[in-house]
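A.B. asks: This structure is in structure tokens; I'll ask about it shortly.
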Amino acid sequence: MNLQGRDFLKLLDYTPEEIMYLIDLAAELKDQKKKGIAHDSELRGKNIALIFEKTSTRTRCSFEVAAHDLGMHVTYLDPSGSQIGKKESIADTARVLSRMYDGIEYRGYGQEIVEELARYADVPVWNGLTNEFHPTQMIADMLTIREHLGKLKGIKFVYMGDARYNMGNSLMVTCAKLGMNFVACTSKKYFPDQSLVEICEKIAAETGATITLTDDVVAGTKDADVIYTDVWVSMGEPAEVWKERIRELSPYQVRASVMNNAGVDAIFMHCLPAFHDLSTTIGKEVYEKFGLSELEVTDEVFESEQSVVFDEAENRMHSIKAIMYATLPR
């Protein structure tokens with residue numbers, strides 16, 4: 001399968017076969033790295049630019065280590081290191097960077113920004129996260145599920161919490177594409193946008209997937225294979241929303257009773273960072289204001305044998321490597 005020259009902006013742009021190819025390639029490159037087999041010959045000497053309007057640990061480290069393993073050079077542009085959208089238009093930024101780099105990653109705000117970058121760039125553009133979609137995380141997540149459960153098709157995948165933004169959207173799309181049974185288990189206010197739900201239902205009708213939206217925790221998580229959650233307040237949202245989110249989403253905290261209601265071999269996933277204890281500044285602030293030491297997931301679940309969050313975090317690097325390897329022209 002030849003994906004060279006393709007942008008990687010959202011998985012709605014990719015067929016199920018292409019998505020599975022990237023998962024398989026990530027697994028292959030992971031195996032090579034574990035065995036100490038070099039895989040830097042084809043892309044050695046290429047250069048990529050990383051535009052981060054939103055900072056990150058996993059995404060930045062994954063791109064940098066993956067690029068190094070592939071023999072490439074990286075320029076990191078933090079929120080103060082680029083004039084994109086400020087003194088220089090997105091279109092002009094794309095055309096300038098295309099003259100200097102072989103690929104461009106963008107992590108930031110609206111999906112329209114990365115789409116415009118791709119429209120004007122002459123090199124592949126990769127979405128490291130926008131408000132609407134997080135496609136690199138999806139390849140890592142699906143690789144992790146397959147490693148632990150042995151399959152993807154037919155898996156009951158439950159997302160708990162705020163399902164309106166990048167993670168809920170992307171997971172629903174990915175499950176629909178791959179024939180998985182997606183459940184958004186949350187308050188009705190936090191269901192994914194209906195227009196995207198309808199798109200995913202059409203995809204699901206072709207792949208054998210199902211899309212379910214429910215506010216019933218017991219029914220929603222019953223016999224689940226995967227329980228997934230994310231932080232309740234996303235980057236860029238004001239601190240004032242914490243009180244409302246805690247009040248409305250606390251019933252959908254992933255706790256031991258949820259995991260016990262799920263399937264016997266169920267795994268817990270989280271894209272990280274997670275507020276499961278008081279070891280973070282934000283965690284301490286929330287505790288001081290609201291008296292809660294755990295938020296979207298309890299520490300008991302996070303540290304349990306069912307939790308695969310650190311396998312998932314590692315797989316970010318292998319999956320991003322696969323995406324770059326597959327899409328960069330030779």
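In the structure tokens, chains take letters A, B, ... by order of appearance, with residues numbered from 1 within each chain and ligands from 1 in the order shown.
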Counting only C-alpha atoms, what is within 10 Å of Glu18 of chain A, bar same-chain residues fewer than 6 positions away, as a ChimeraX atom specification?
C.D. replies: /A:1-3,11,24
A.B. asks: List as an MDAnalysis selection string the protein and nucleic acid residues near Val264 of chain A, meaning an atom at most 9 Å away when only C-alpha atoms are counted, but skip any in the same chain fewer than 4 places from it.
C.D. replies: chainID A and resid 223:225 259:260
A.B. asks: Measuring between only C-alpha atoms, which one of A:Ala38, A:Ala91, A:Met235, A:Ile104 shows the shortest distance to Thr327 of chain A?
C.D. replies: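 For Thr327 of chain A, the nearest of the candidates is A:Ile104.
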A.B. asks: Taking the DSSP assignment computed from this structure's backbone, write out as a list in words all residues of segment 61-104 of chain A that belong to helix (DSSP H, G or I).
C.D. replies: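 Helix (DSSP H, G or I) assignments inside segment 61-104 of chain A correspond to Cys61, Ser62, Phe63, Glu64, Val65, Ala66, Ala67, His68, Asp69, Ile90, Ala91, Asp92, Thr93, Ala94, Arg95, Val96, Leu97 and Ser98 of chain A.
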A.B. asks: Name the residues of segment 151-245 of chain A that come out as strand (DSSP E) in a backbone DSSP run; write them as a JSON list (two decimals) with all heavy atoms, in the first residue's frame.
C.D. replies:
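Result went into result.json, see below:
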[["chain", "number", "residue", "atom", "x", "y", "z"],
["A", 156, "LYS", "N", -16.11, -4.34, 22.10],
["A", 156, "LYS", "CA", -16.99, -3.33, 22.70],
["A", 156, "LYS", "C", -16.12, -2.29, 23.38],
["A", 156, "LYS", "O", -15.44, -2.56, 24.38],
["A", 156, "LYS", "CB", -17.97, -3.95, 23.70],
["A", 156, "LYS", "CG", -18.91, -2.89, 24.30],
["A", 156, "LYS", "CD", -19.95, -3.47, 25.25],
["A", 156, "LYS", "CE", -20.84, -2.35, 25.82],
["A", 156, "LYS", "NZ", -21.89, -2.86, 26.73],
["A", 157, "PHE", "N", -16.15, -1.09, 22.83],
["A", 157, "PHE", "CA", -15.27, 0.00, 23.26],
["A", 157, "PHE", "C", -16.12, 1.10, 23.89],
["A", 157, "PHE", "O", -17.00, 1.67, 23.24],
["A", 157, "PHE", "CB", -14.52, 0.56, 22.05],
["A", 157, "PHE", "CG", -13.50, 1.61, 22.38],
["A", 157, "PHE", "CD1", -12.15, 1.31, 22.33],
["A", 157, "PHE", "CD2", -13.89, 2.89, 22.73],
["A", 157, "PHE", "CE1", -11.21, 2.28, 22.64],
["A", 157, "PHE", "CE2", -12.96, 3.87, 23.04],
["A", 157, "PHE", "CZ", -11.61, 3.55, 23.00],
["A", 158, "VAL", "N", -15.88, 1.39, 25.18],
["A", 158, "VAL", "CA", -16.69, 2.37, 25.90],
["A", 158, "VAL", "C", -15.84, 3.58, 26.27],
["A", 158, "VAL", "O", -14.81, 3.45, 26.94],
["A", 158, "VAL", "CB", -17.29, 1.76, 27.18],
["A", 158, "VAL", "CG1", -18.13, 2.80, 27.92],
["A", 158, "VAL", "CG2", -18.14, 0.54, 26.85],
["A", 159, "TYR", "N", -16.29, 4.75, 25.82],
["A", 159, "TYR", "CA", -15.63, 6.01, 26.19],
["A", 159, "TYR", "C", -16.49, 6.73, 27.20],
["A", 159, "TYR", "O", -17.68, 6.99, 26.97],
["A", 159, "TYR", "CB", -15.43, 6.90, 24.96],
["A", 159, "TYR", "CG", -14.71, 8.19, 25.29],
["A", 159, "TYR", "CD1", -13.32, 8.21, 25.34],
["A", 159, "TYR", "CD2", -15.41, 9.35, 25.57],
["A", 159, "TYR", "CE1", -12.65, 9.38, 25.67],
["A", 159, "TYR", "CE2", -14.74, 10.52, 25.89],
["A", 159, "TYR", "CZ", -13.36, 10.53, 25.94],
["A", 159, "TYR", "OH", -12.69, 11.69, 26.26],
["A", 160, "MET", "N", -15.89, 7.09, 28.36],
["A", 160, "MET", "CA", -16.63, 7.74, 29.43],
["A", 160, "MET", "C", -16.09, 9.15, 29.65],
["A", 160, "MET", "O", -14.88, 9.38, 29.59],
["A", 160, "MET", "CB", -16.51, 6.92, 30.72],
["A", 160, "MET", "CG", -17.01, 5.50, 30.58],
["A", 160, "MET", "SD", -16.97, 4.57, 32.14],
["A", 160, "MET", "CE", -18.30, 5.36, 33.04],
["A", 181, "ASN", "N", -17.57, -1.84, 18.26],
["A", 181, "ASN", "CA", -18.84, -1.37, 18.83],
["A", 181, "ASN", "C", -18.57, -0.24, 19.82],
["A", 181, "ASN", "O", -18.15, -0.47, 20.96],
["A", 181, "ASN", "CB", -19.57, -2.53, 19.50],
["A", 181, "ASN", "CG", -19.86, -3.65, 18.51],
["A", 181, "ASN", "OD1", -20.31, -3.39, 17.40],
["A", 181, "ASN", "ND2", -19.58, -4.88, 18.90],
["A", 182, "PHE", "N", -18.80, 0.99, 19.36],
["A", 182, "PHE", "CA", -18.47, 2.18, 20.14],
["A", 182, "PHE", "C", -19.63, 2.59, 21.02],
["A", 182, "PHE", "O", -20.78, 2.66, 20.56],
["A", 182, "PHE", "CB", -18.10, 3.33, 19.21],
["A", 182, "PHE", "CG", -17.82, 4.63, 19.94],
["A", 182, "PHE", "CD1", -16.59, 4.86, 20.51],
["A", 182, "PHE", "CD2", -18.82, 5.59, 20.06],
["A", 182, "PHE", "CE1", -16.33, 6.03, 21.21],
["A", 182, "PHE", "CE2", -18.57, 6.78, 20.74],
["A", 182, "PHE", "CZ", -17.32, 7.00, 21.31],
["A", 183, "VAL", "N", -19.33, 2.89, 22.28],
["A", 183, "VAL", "CA", -20.33, 3.39, 23.22],
["A", 183, "VAL", "C", -19.79, 4.68, 23.85],
["A", 183, "VAL", "O", -18.71, 4.69, 24.45],
["A", 183, "VAL", "CB", -20.62, 2.37, 24.34],
["A", 183, "VAL", "CG1", -21.66, 2.94, 25.31],
["A", 183, "VAL", "CG2", -21.08, 1.05, 23.76],
["A", 184, "ALA", "N", -20.54, 5.77, 23.71],
["A", 184, "ALA", "CA", -20.27, 6.98, 24.47],
["A", 184, "ALA", "C", -21.14, 6.92, 25.71],
["A", 184, "ALA", "O", -22.37, 6.98, 25.62],
["A", 184, "ALA", "CB", -20.58, 8.22, 23.65],
["A", 185, "CYS", "N", -20.52, 6.76, 26.87],
["A", 185, "CYS", "CA", -21.25, 6.60, 28.13],
["A", 185, "CYS", "C", -21.03, 7.85, 28.96],
["A", 185, "CYS", "O", -19.99, 8.01, 29.62],
["A", 185, "CYS", "CB", -20.76, 5.35, 28.86],
["A", 185, "CYS", "SG", -21.66, 4.99, 30.38],
["A", 210, "THR", "N", -21.14, -0.72, 15.52],
["A", 210, "THR", "CA", -22.35, -0.11, 16.08],
["A", 210, "THR", "C", -21.94, 1.15, 16.83],
["A", 210, "THR", "O", -20.82, 1.25, 17.35],
["A", 210, "THR", "CB", -23.10, -1.05, 17.04],
["A", 210, "THR", "OG1", -22.24, -1.39, 18.14],
["A", 210, "THR", "CG2", -23.54, -2.31, 16.33],
["A", 211, "ILE", "N", -22.85, 2.11, 16.88],
["A", 211, "ILE", "CA", -22.65, 3.37, 17.61],
["A", 211, "ILE", "C", -23.77, 3.50, 18.62],
["A", 211, "ILE", "O", -24.95, 3.49, 18.26],
["A", 211, "ILE", "CB", -22.66, 4.58, 16.66],
["A", 211, "ILE", "CG1", -21.67, 4.41, 15.50],
["A", 211, "ILE", "CG2", -22.40, 5.87, 17.44],
["A", 211, "ILE", "CD1", -20.23, 4.37, 15.91],
["A", 212, "THR", "N", -23.41, 3.60, 19.90],
["A", 212, "THR", "CA", -24.39, 3.71, 20.97],
["A", 212, "THR", "C", -24.06, 4.92, 21.84],
["A", 212, "THR", "O", -22.91, 5.11, 22.24],
["A", 212, "THR", "CB", -24.39, 2.46, 21.85],
["A", 212, "THR", "OG1", -24.65, 1.30, 21.05],
["A", 212, "THR", "CG2", -25.44, 2.56, 22.95],
["A", 213, "LEU", "N", -25.08, 5.72, 22.14],
["A", 213, "LEU", "CA", -24.94, 6.85, 23.06],
["A", 213, "LEU", "C", -25.86, 6.58, 24.25],
["A", 213, "LEU", "O", -27.06, 6.37, 24.07],
["A", 213, "LEU", "CB", -25.34, 8.16, 22.38],
["A", 213, "LEU", "CG", -24.70, 8.47, 21.02],
["A", 213, "LEU", "CD1", -25.20, 9.80, 20.51],
["A", 213, "LEU", "CD2", -23.18, 8.44, 21.09],
["A", 214, "THR", "N", -25.31, 6.58, 25.46],
["A", 214, "THR", "CA", -26.12, 6.27, 26.64],
["A", 214, "THR", "C", -25.62, 7.03, 27.84],
["A", 214, "THR", "O", -24.42, 7.32, 27.97],
["A", 214, "THR", "CB", -26.10, 4.76, 26.94],
["A", 214, "THR", "OG1", -26.92, 4.49, 28.07],
["A", 214, "THR", "CG2", -24.68, 4.28, 27.24],
["A", 226, "VAL", "N", -13.09, -2.67, 26.43],
["A", 226, "VAL", "CA", -12.22, -1.53, 26.69],
["A", 226, "VAL", "C", -13.02, -0.43, 27.38],
["A", 226, "VAL", "O", -14.11, -0.07, 26.93],
["A", 226, "VAL", "CB", -11.63, -0.95, 25.38],
["A", 226, "VAL", "CG1", -10.74, 0.25, 25.67],
["A", 226, "VAL", "CG2", -10.85, -2.01, 24.60],
["A", 227, "ILE", "N", -12.49, 0.07, 28.48],
["A", 227, "ILE", "CA", -13.02, 1.26, 29.13],
["A", 227, "ILE", "C", -11.99, 2.37, 28.95],
["A", 227, "ILE", "O", -10.83, 2.20, 29.33],
["A", 227, "ILE", "CB", -13.30, 1.05, 30.63],
["A", 227, "ILE", "CG1", -14.29, -0.10, 30.85],
["A", 227, "ILE", "CG2", -13.78, 2.35, 31.26],
["A", 227, "ILE", "CD1", -15.69, 0.19, 30.39],
["A", 228, "TYR", "N", -12.40, 3.49, 28.39],
["A", 228, "TYR", "CA", -11.48, 4.57, 28.04],
["A", 228, "TYR", "C", -12.01, 5.88, 28.61],
["A", 228, "TYR", "O", -13.21, 6.13, 28.59],
["A", 228, "TYR", "CB", -11.41, 4.68, 26.51],
["A", 228, "TYR", "CG", -10.20, 5.39, 25.94],
["A", 228, "TYR", "CD1", -9.32, 4.72, 25.10],
["A", 228, "TYR", "CD2", -9.95, 6.73, 26.19],
["A", 228, "TYR", "CE1", -8.21, 5.35, 24.56],
["A", 228, "TYR", "CE2", -8.85, 7.37, 25.66],
["A", 228, "TYR", "CZ", -7.98, 6.68, 24.84],
["A", 228, "TYR", "OH", -6.89, 7.31, 24.30],
["A", 229, "THR", "N", -11.12, 6.72, 29.11],
["A", 229, "THR", "CA", -11.52, 8.05, 29.55],
["A", 229, "THR", "C", -10.41, 9.04, 29.28],
["A", 229, "THR", "O", -9.30, 8.68, 28.88],
["A", 229, "THR", "CB", -11.91, 8.05, 31.04],
["A", 229, "THR", "OG1", -12.60, 9.26, 31.35],
["A", 229, "THR", "CG2", -10.69, 7.92, 31.94]]
A.B. asks: Out of A:Val123, A:Ala326, A:Ala262, A:Ala313, which residue has the shortest atom-to-atom distance to Cys61 of chain A when counting only C-alpha atoms?
C.D. replies: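 Checking each candidate against Cys61 of chain A, we get A:Ala313 as the closest.
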A.B. asks: What does the structure give for the distance between atom CA of Asp102 of chain A and atom CA of Leu25 of chain A, in Å to one decimal?
C.D. replies: 20.4 Å
A.B. asks: Please provide the set of residues having any atom within 10 Å of His276 of chain A, restricted to only C-alpha atoms, with same-chain residues fewer than 4 positions apart removed, written as JSON, numbers by chain.
C.D. replies: {"A": [231, 280, 283, 292, 293, 294, 295, 296, 297, 298, 299, 300, 301, 302, 303]}
A.B. asks: Using the selection just defined, write its residues with N, CA, C and O atoms as a PDB file, in the first residue's frame.
C.D. replies:
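What landed in part-v4.pdb:
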ATOM      1  N   VAL A 231      -9.249  13.477  30.442  1.00  0.00           N
ATOM      2  CA  VAL A 231      -9.495  14.566  31.380  1.00  0.00           C
ATOM      3  C   VAL A 231     -10.829  15.245  31.067  1.00  0.00           C
ATOM      4  O   VAL A 231     -11.271  15.255  29.922  1.00  0.00           O
ATOM      5  N   THR A 280      -0.016  16.289  40.897  1.00  0.00           N
ATOM      6  CA  THR A 280       0.103  17.354  39.906  1.00  0.00           C
ATOM      7  C   THR A 280      -0.399  18.665  40.508  1.00  0.00           C
ATOM      8  O   THR A 280      -1.194  18.670  41.454  1.00  0.00           O
ATOM      9  N   GLY A 283      -4.113  18.873  39.993  1.00  0.00           N
ATOM     10  CA  GLY A 283      -4.773  17.943  40.903  1.00  0.00           C
ATOM     11  C   GLY A 283      -4.884  18.513  42.309  1.00  0.00           C
ATOM     12  O   GLY A 283      -5.928  18.402  42.965  1.00  0.00           O
ATOM     13  N   LEU A 292     -11.696  16.803  46.005  1.00  0.00           N
ATOM     14  CA  LEU A 292     -11.571  15.538  45.274  1.00  0.00           C
ATOM     15  C   LEU A 292     -10.104  15.219  45.001  1.00  0.00           C
ATOM     16  O   LEU A 292      -9.373  16.034  44.446  1.00  0.00           O
ATOM     17  N   SER A 293      -9.680  14.026  45.367  1.00  0.00           N
ATOM     18  CA  SER A 293      -8.297  13.613  45.126  1.00  0.00           C
ATOM     19  C   SER A 293      -8.146  12.814  43.842  1.00  0.00           C
ATOM     20  O   SER A 293      -7.026  12.533  43.416  1.00  0.00           O
ATOM     21  N   GLU A 294      -9.283  12.440  43.235  1.00  0.00           N
ATOM     22  CA  GLU A 294      -9.286  11.696  41.969  1.00  0.00           C
ATOM     23  C   GLU A 294     -10.385  12.276  41.093  1.00  0.00           C
ATOM     24  O   GLU A 294     -11.441  12.653  41.598  1.00  0.00           O
ATOM     25  N   LEU A 295     -10.158  12.316  39.793  1.00  0.00           N
ATOM     26  CA  LEU A 295     -11.165  12.893  38.917  1.00  0.00           C
ATOM     27  C   LEU A 295     -11.721  11.857  37.953  1.00  0.00           C
ATOM     28  O   LEU A 295     -12.530  11.037  38.314  1.00  0.00           O
ATOM     29  N   GLU A 296     -11.254  11.853  36.704  1.00  0.00           N
ATOM     30  CA  GLU A 296     -11.891  10.999  35.696  1.00  0.00           C
ATOM     31  C   GLU A 296     -11.655   9.512  35.931  1.00  0.00           C
ATOM     32  O   GLU A 296     -12.401   8.668  35.429  1.00  0.00           O
ATOM     33  N   VAL A 297     -10.615   9.172  36.711  1.00  0.00           N
ATOM     34  CA  VAL A 297     -10.331   7.765  37.024  1.00  0.00           C
ATOM     35  C   VAL A 297      -9.760   7.686  38.429  1.00  0.00           C
ATOM     36  O   VAL A 297      -9.012   8.573  38.862  1.00  0.00           O
ATOM     37  N   THR A 298     -10.119   6.642  39.145  1.00  0.00           N
ATOM     38  CA  THR A 298      -9.558   6.468  40.479  1.00  0.00           C
ATOM     39  C   THR A 298      -8.136   5.919  40.367  1.00  0.00           C
ATOM     40  O   THR A 298      -7.771   5.265  39.382  1.00  0.00           O
ATOM     41  N   ASP A 299      -7.359   6.187  41.398  1.00  0.00           N
ATOM     42  CA  ASP A 299      -5.988   5.682  41.418  1.00  0.00           C
ATOM     43  C   ASP A 299      -5.974   4.158  41.440  1.00  0.00           C
ATOM     44  O   ASP A 299      -5.087   3.527  40.864  1.00  0.00           O
ATOM     45  N   GLU A 300      -6.976   3.569  42.065  1.00  0.00           N
ATOM     46  CA  GLU A 300      -7.077   2.103  42.119  1.00  0.00           C
ATOM     47  C   GLU A 300      -7.152   1.507  40.721  1.00  0.00           C
ATOM     48  O   GLU A 300      -6.459   0.518  40.417  1.00  0.00           O
ATOM     49  N   VAL A 301      -7.953   2.088  39.858  1.00  0.00           N
ATOM     50  CA  VAL A 301      -8.067   1.589  38.484  1.00  0.00           C
ATOM     51  C   VAL A 301      -6.824   1.936  37.683  1.00  0.00           C
ATOM     52  O   VAL A 301      -6.289   1.100  36.942  1.00  0.00           O
ATOM     53  N   PHE A 302      -6.357   3.161  37.827  1.00  0.00           N
ATOM     54  CA  PHE A 302      -5.200   3.614  37.045  1.00  0.00           C
ATOM     55  C   PHE A 302      -3.982   2.727  37.297  1.00  0.00           C
ATOM     56  O   PHE A 302      -3.216   2.433  36.378  1.00  0.00           O
ATOM     57  N   GLU A 303      -3.794   2.310  38.533  1.00  0.00           N
ATOM     58  CA  GLU A 303      -2.619   1.506  38.893  1.00  0.00           C
ATOM     59  C   GLU A 303      -2.891   0.004  38.864  1.00  0.00           C
ATOM     60  O   GLU A 303      -2.027  -0.788  39.226  1.00  0.00           O
TER      61      GLU A 303
END
A.B. asks: Hey, what's within 7 Å of Ala209 of chain A if we count only C-alpha atoms and toss same-chain stuff fewer than 3 positions away? As a PyMOL selection string, please?
C.D. replies: chain A and resi 175-176+179-181+204-205
A.B. asks: Looking at only C-alpha atoms, which of A:Leu171, A:Trp232, A:Ala219, A:Leu149 is the one that sits closest to Cys200 of chain A?
C.D. replies: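 Nearest to Cys200 of chain A: A:Leu171.
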A.B. asks: Tell me which of A:Asp162, A:Asp141, A:Glu64, A:Asp311 sits closest to Pro251 of chain A, counting only C-alpha atoms.
C.D. replies: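 Closest candidate: A:Asp162.
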A.B. asks: Out of A:Arg245, A:His148, A:Lys177, A:Lys189, which residue has the shortest atom-to-atom distance to Phe268 of chain A when counting only C-alpha atoms?
C.D. replies: A:His148
A.B. asks: Give me the residues within 6 Å of segment 190-198 of chain A as JSON, numbers by chain, counting only C-alpha atoms and dropping any in the same chain fewer than 2 places off.
C.D. replies: {"A": [162, 163, 164, 187, 188, 200, 201]}
A.B. asks: Create the file for the chosen residues now, containing C-alpha atoms and written as an mmCIF file, in the first residue's frame.
C.D. replies:
data_model
loop_
_atom_site.group_PDB
_atom_site.id
_atom_site.type_symbol
_atom_site.label_atom_id
_atom_site.label_comp_id
_atom_site.auth_asym_id
_atom_site.auth_seq_id
_atom_site.Cartn_x
_atom_site.Cartn_y
_atom_site.Cartn_z
ATOM 1 C CA ASP A 162 -16.695 14.422 27.762
ATOM 2 C CA ALA A 163 -17.210 12.846 24.320
ATOM 3 C CA ARG A 164 -17.720 16.107 22.397
ATOM 4 C CA SER A 187 -24.427 12.689 30.331
ATOM 5 C CA LYS A 188 -26.497 13.531 27.247
ATOM 6 C CA CYS A 200 -20.187 7.310 11.745
ATOM 7 C CA GLU A 201 -23.470 5.413 11.645
#
